[in-house]
Amino acid sequence: MKRTVSLKLNVSGTDLQALCELQEHFSNACNYVAVIALEKKESNRIRLHHLSYYQLKANFPQLGSQMSCNAIAKTAQALKALKKPRKILFRKRISVHFDKRTYSLKNGILSLFTLRGRVQLPLKISPFHAHYLELGKIKEAELVRKGKLWFFHLVLDFPEVASLPKGKVMAVDFGENNLAATSTGKLFGGGPLKAQRDKFLGHRRRLQSNGSQSAKQRLRQISGREKRHVMHVNHCVSKEIILEAKSNGCTQIALEDLKNIRNRIKANKRIRSRLHRWAFDQLRQFVVYKAKAEGIDVIYINPAYTSVTCSCCLSQGDRCKHHFLCSNCGSRQHSDLNASQNLLRLALTAVEATGDVNHRHVAA
């Protein structure tokens, strides 16, 4: 199991110039490889390496052998991720990929390869990061520049956690007004986050319509704030979901399979804009990797009709915002909690053990 920790770097003077120069050369090298890849229609890393390695070494001799290999690998990975590849893939401030031959971390000193030789950067490692560094095995890393700040994203490999024995199941229903509703009866409200998202959106619209130089400068300053705020909220909610599962003795979590849900949205432009900014997949990913770290298995359930089906009598009811009413049995429930109970019912039918098969007796 791999986890990533972000270490902030204090860079100044000649070290800053060396890192900026490396970043620019690395970007140009990646774009050079991308041109060759598109001409040859090749995105496989091994075959692309044989096609471009010697040409890349001849045109960018300062990068060295290993950093050239890193540029080829990064380009191949980017080409596979793009649906419509283009010649210019990378900007000047792309992240620079490092492996064990191009960096080292010993006694709080980070040594990085640059075009001017090795750069030694002292790190102030917090107790939080030190705990992860002690448990995990150091793997590859990315040098990331965000404005005037530099970060070193270090990948750590942790030993796999054995899954807990199968037992109780907890289902989780994701939503926009309520970020999550568990089958144990806990709700995670999304009202404050929704208001913050609308506030960020309105601020960006006003600045974009202004169009002045100061407005553009302000847009650059606030860039990424909504993303960071949503990520923080999703981290907090996912932690609470895992704690809820552990406190109730659940060894499995059932989540909605919302794949391709954006393609199925049929609404006006305002509603589509709001729903496309709903980071439900990020919350799902956070729940999955946190559950895996605790030995809790995650299963996926098709959520079709779970929001309009009564969890008591399985009849179709009426849902109005947070209220659900079943005209058949008279049940009144919170709509999201009702959906989570339906997900739990489907999850139990999917994971419960079946009995022995009765074989027909056949005479010999």
# chains A, B, ... in the order shown; residues from 1 in each chain; ligands from 1
>>> residues_around(residues="A:Leu325", least_positions_apart="3", cutoff="12 Å", atoms="only C-alpha atoms", output="list in words")
Ser307, Val308, Thr309, Cys310, Ser311, Cys312, Cys313, Ser315, Gln316, Gly317, Asp318, Arg319, Cys320, Lys321, His322, Asn328, Cys329, Gly330, Ser331, Arg332, Gln333, His334, Ser335 and Asn338 of chain A
>>> residues_around(residues="A:Ser223", least_positions_apart="4", cutoff="12 Å", atoms="only C-alpha atoms", output="ChimeraX atom specification")
/A:146-147,200-201,203-204,207,216-219,227-229
>>> write_last_selection(atoms="C-alpha atoms", output="compact mmCIF listing (two decimals), in the first residue's frame")
# COMPACT_ATOMS: atom_id res chain seq x y z
CA LYS A 146 3.23 26.06 -6.37
CA GLY A 147 3.77 29.76 -6.93
CA PHE A 200 -16.06 30.75 -4.31
CA LEU A 201 -17.92 30.47 -7.62
CA HIS A 203 -16.20 35.49 -6.37
CA ARG A 204 -14.53 34.02 -9.46
CA LEU A 207 -13.43 38.88 -10.98
CA LYS A 216 -6.55 38.83 -12.87
CA GLN A 217 -3.91 39.14 -10.16
CA ARG A 218 -6.53 38.38 -7.53
CA LEU A 219 -7.71 35.35 -9.50
CA LYS A 227 -10.10 22.74 -4.21
CA ARG A 228 -8.06 22.76 -1.00
CA HIS A 229 -11.11 23.52 1.14
>>> residues_around(residues="A:Asp15", least_positions_apart="3", cutoff="10 Å", atoms="only C-alpha atoms", output="ChimeraX atom specification")
/A:10-12,18-21,114,116,118-121
>>> residues_around(residues="A:Thr75", least_positions_apart="4", cutoff="12 Å", atoms="only C-alpha atoms", output="PyMOL selection string")
chain A and resi 26-38+42-46+48-49+52+68-71+79-82+85-90+94-97
>>> closest_residue(among="A:Leu337, A:Val233, A:Ile299, A:Ala215", to="A:Phe286", atoms="only C-alpha atoms")
A:Val233
>>> residues_around(residues="stretch 268-281 of chain A", least_positions_apart="6", cutoff="10 Å", atoms="only C-alpha atoms", output="PyMOL selection string")
chain A and resi 174-176+179-180+194+197-198+201+227+230-231+234+257-259+261-262+287
>>> decode(residues="stretch 23-154 of chain A", atoms="C-alpha atoms", output="CSV table (one decimal), in the first residue's frame")
chain,number,residue,atom,x,y,z
A,23,GLN,CA,12.3,22.3,-14.1
A,24,GLU,CA,12.5,24.2,-17.4
A,25,HIS,CA,14.9,21.6,-19.0
A,26,PHE,CA,12.8,18.7,-17.8
A,27,SER,CA,9.7,20.3,-19.3
A,28,ASN,CA,11.4,20.8,-22.6
A,29,ALA,CA,12.7,17.3,-22.6
A,30,CYS,CA,9.2,15.9,-21.9
A,31,ASN,CA,7.7,17.9,-24.8
A,32,TYR,CA,10.5,16.7,-27.1
A,33,VAL,CA,9.7,13.1,-26.3
A,34,ALA,CA,6.0,13.8,-26.8
A,35,VAL,CA,6.6,14.9,-30.4
A,36,ILE,CA,8.5,11.7,-31.1
A,37,ALA,CA,5.7,9.6,-29.4
A,38,LEU,CA,3.0,11.3,-31.5
A,39,GLU,CA,4.9,10.8,-34.8
A,40,LYS,CA,5.5,7.1,-34.0
A,41,LYS,CA,2.1,6.7,-32.4
A,42,GLU,CA,3.6,5.1,-29.4
A,43,SER,CA,2.8,5.5,-25.7
A,44,ASN,CA,4.3,2.3,-24.3
A,45,ARG,CA,7.2,3.3,-21.9
A,46,ILE,CA,9.6,0.6,-23.0
A,47,ARG,CA,9.2,1.1,-26.7
A,48,LEU,CA,9.2,4.8,-26.4
A,49,HIS,CA,12.4,4.6,-24.4
A,50,HIS,CA,14.1,2.8,-27.3
A,51,LEU,CA,12.7,5.3,-29.9
A,52,SER,CA,13.7,8.5,-28.1
A,53,TYR,CA,16.5,7.9,-25.5
A,54,TYR,CA,19.6,8.6,-27.7
A,55,GLN,CA,18.0,11.5,-29.4
A,56,LEU,CA,17.0,13.0,-26.1
A,57,LYS,CA,20.6,12.5,-24.7
A,58,ALA,CA,22.0,14.3,-27.8
A,59,ASN,CA,19.7,17.3,-27.5
A,60,PHE,CA,19.6,17.5,-23.7
A,61,PRO,CA,23.1,16.3,-22.6
A,62,GLN,CA,22.9,18.2,-19.2
A,63,LEU,CA,20.0,16.1,-18.0
A,64,GLY,CA,22.0,13.0,-17.7
A,65,SER,CA,21.0,9.4,-18.3
A,66,GLN,CA,18.7,8.8,-15.4
A,67,MET,CA,16.8,12.1,-15.6
A,68,SER,CA,16.3,11.4,-19.3
A,69,CYS,CA,14.7,8.1,-18.4
A,70,ASN,CA,12.5,9.9,-15.9
A,71,ALA,CA,11.4,12.3,-18.6
A,72,ILE,CA,10.5,9.5,-21.0
A,73,ALA,CA,8.5,7.7,-18.3
A,74,LYS,CA,6.6,10.8,-17.3
A,75,THR,CA,5.7,11.5,-21.0
A,76,ALA,CA,4.5,8.0,-21.5
A,77,GLN,CA,2.3,8.2,-18.4
A,78,ALA,CA,0.8,11.5,-19.6
A,79,LEU,CA,0.1,10.2,-23.1
A,80,LYS,CA,-1.8,7.2,-21.7
A,81,ALA,CA,-3.9,9.5,-19.5
A,82,LEU,CA,-4.9,11.8,-22.3
A,83,LYS,CA,-7.9,10.9,-24.6
A,84,LYS,CA,-6.7,13.3,-27.3
A,85,PRO,CA,-2.9,13.5,-27.3
A,86,ARG,CA,-1.3,16.8,-28.4
A,87,LYS,CA,2.3,17.7,-29.2
A,88,ILE,CA,2.8,20.2,-26.3
A,89,LEU,CA,1.8,18.3,-23.2
A,90,PHE,CA,3.7,20.1,-20.4
A,91,ARG,CA,4.0,23.6,-19.1
A,92,LYS,CA,7.2,25.2,-17.8
A,93,ARG,CA,6.3,24.6,-14.2
A,94,ILE,CA,5.6,20.9,-14.4
A,95,SER,CA,6.6,18.5,-11.5
A,96,VAL,CA,10.0,16.9,-11.9
A,97,HIS,CA,10.1,13.1,-11.3
A,98,PHE,CA,12.9,11.8,-9.1
A,99,ASP,CA,13.9,8.2,-8.4
A,100,LYS,CA,16.4,6.6,-6.0
A,101,ARG,CA,19.3,7.4,-8.3
A,102,THR,CA,18.5,11.1,-8.5
A,103,TYR,CA,17.7,11.9,-4.9
A,104,SER,CA,18.5,10.8,-1.4
A,105,LEU,CA,17.1,11.6,2.1
A,106,LYS,CA,19.4,11.0,5.0
A,107,ASN,CA,19.4,12.5,8.5
A,108,GLY,CA,17.0,15.2,7.5
A,109,ILE,CA,19.1,16.3,4.5
A,110,LEU,CA,17.5,16.1,1.0
A,111,SER,CA,20.0,15.7,-1.8
A,112,LEU,CA,18.6,16.5,-5.3
A,113,PHE,CA,20.1,16.2,-8.7
A,114,THR,CA,20.3,19.5,-10.7
A,115,LEU,CA,22.1,20.6,-13.8
A,116,ARG,CA,24.6,22.4,-11.6
A,117,GLY,CA,25.3,19.3,-9.4
A,118,ARG,CA,23.7,18.0,-6.3
A,119,VAL,CA,21.8,20.4,-4.1
A,120,GLN,CA,21.7,19.8,-0.3
A,121,LEU,CA,18.4,21.0,1.3
A,122,PRO,CA,17.9,20.7,5.1
A,123,LEU,CA,14.3,19.6,6.0
A,124,LYS,CA,12.3,20.4,9.1
A,125,ILE,CA,10.3,17.1,9.4
A,126,SER,CA,7.3,17.3,11.7
A,127,PRO,CA,6.3,14.5,14.1
A,128,PHE,CA,3.4,13.6,11.7
A,129,HIS,CA,5.8,13.1,8.7
A,130,ALA,CA,8.4,11.5,10.9
A,131,HIS,CA,5.9,8.8,11.9
A,132,TYR,CA,5.2,8.0,8.3
A,133,LEU,CA,8.8,8.0,7.3
A,134,GLU,CA,9.6,5.4,10.1
A,135,LEU,CA,6.8,3.1,9.0
A,136,GLY,CA,7.1,3.2,5.2
A,137,LYS,CA,9.8,2.4,2.7
A,138,ILE,CA,10.9,5.4,0.6
A,139,LYS,CA,10.1,5.1,-3.1
A,140,GLU,CA,10.0,7.7,-6.0
A,141,ALA,CA,9.1,11.3,-5.5
A,142,GLU,CA,8.0,14.5,-7.4
A,143,LEU,CA,9.4,18.0,-7.0
A,144,VAL,CA,6.3,20.3,-7.2
A,145,ARG,CA,6.3,24.1,-7.5
A,146,LYS,CA,3.2,26.1,-6.4
A,147,GLY,CA,3.8,29.8,-6.9
A,148,LYS,CA,6.9,30.7,-4.9
A,149,LEU,CA,6.7,27.6,-2.8
A,150,TRP,CA,8.4,24.2,-3.4
A,151,PHE,CA,7.2,20.9,-2.2
A,152,PHE,CA,8.7,17.4,-2.3
A,153,HIS,CA,6.0,14.7,-2.7
A,154,LEU,CA,7.5,11.5,-1.4
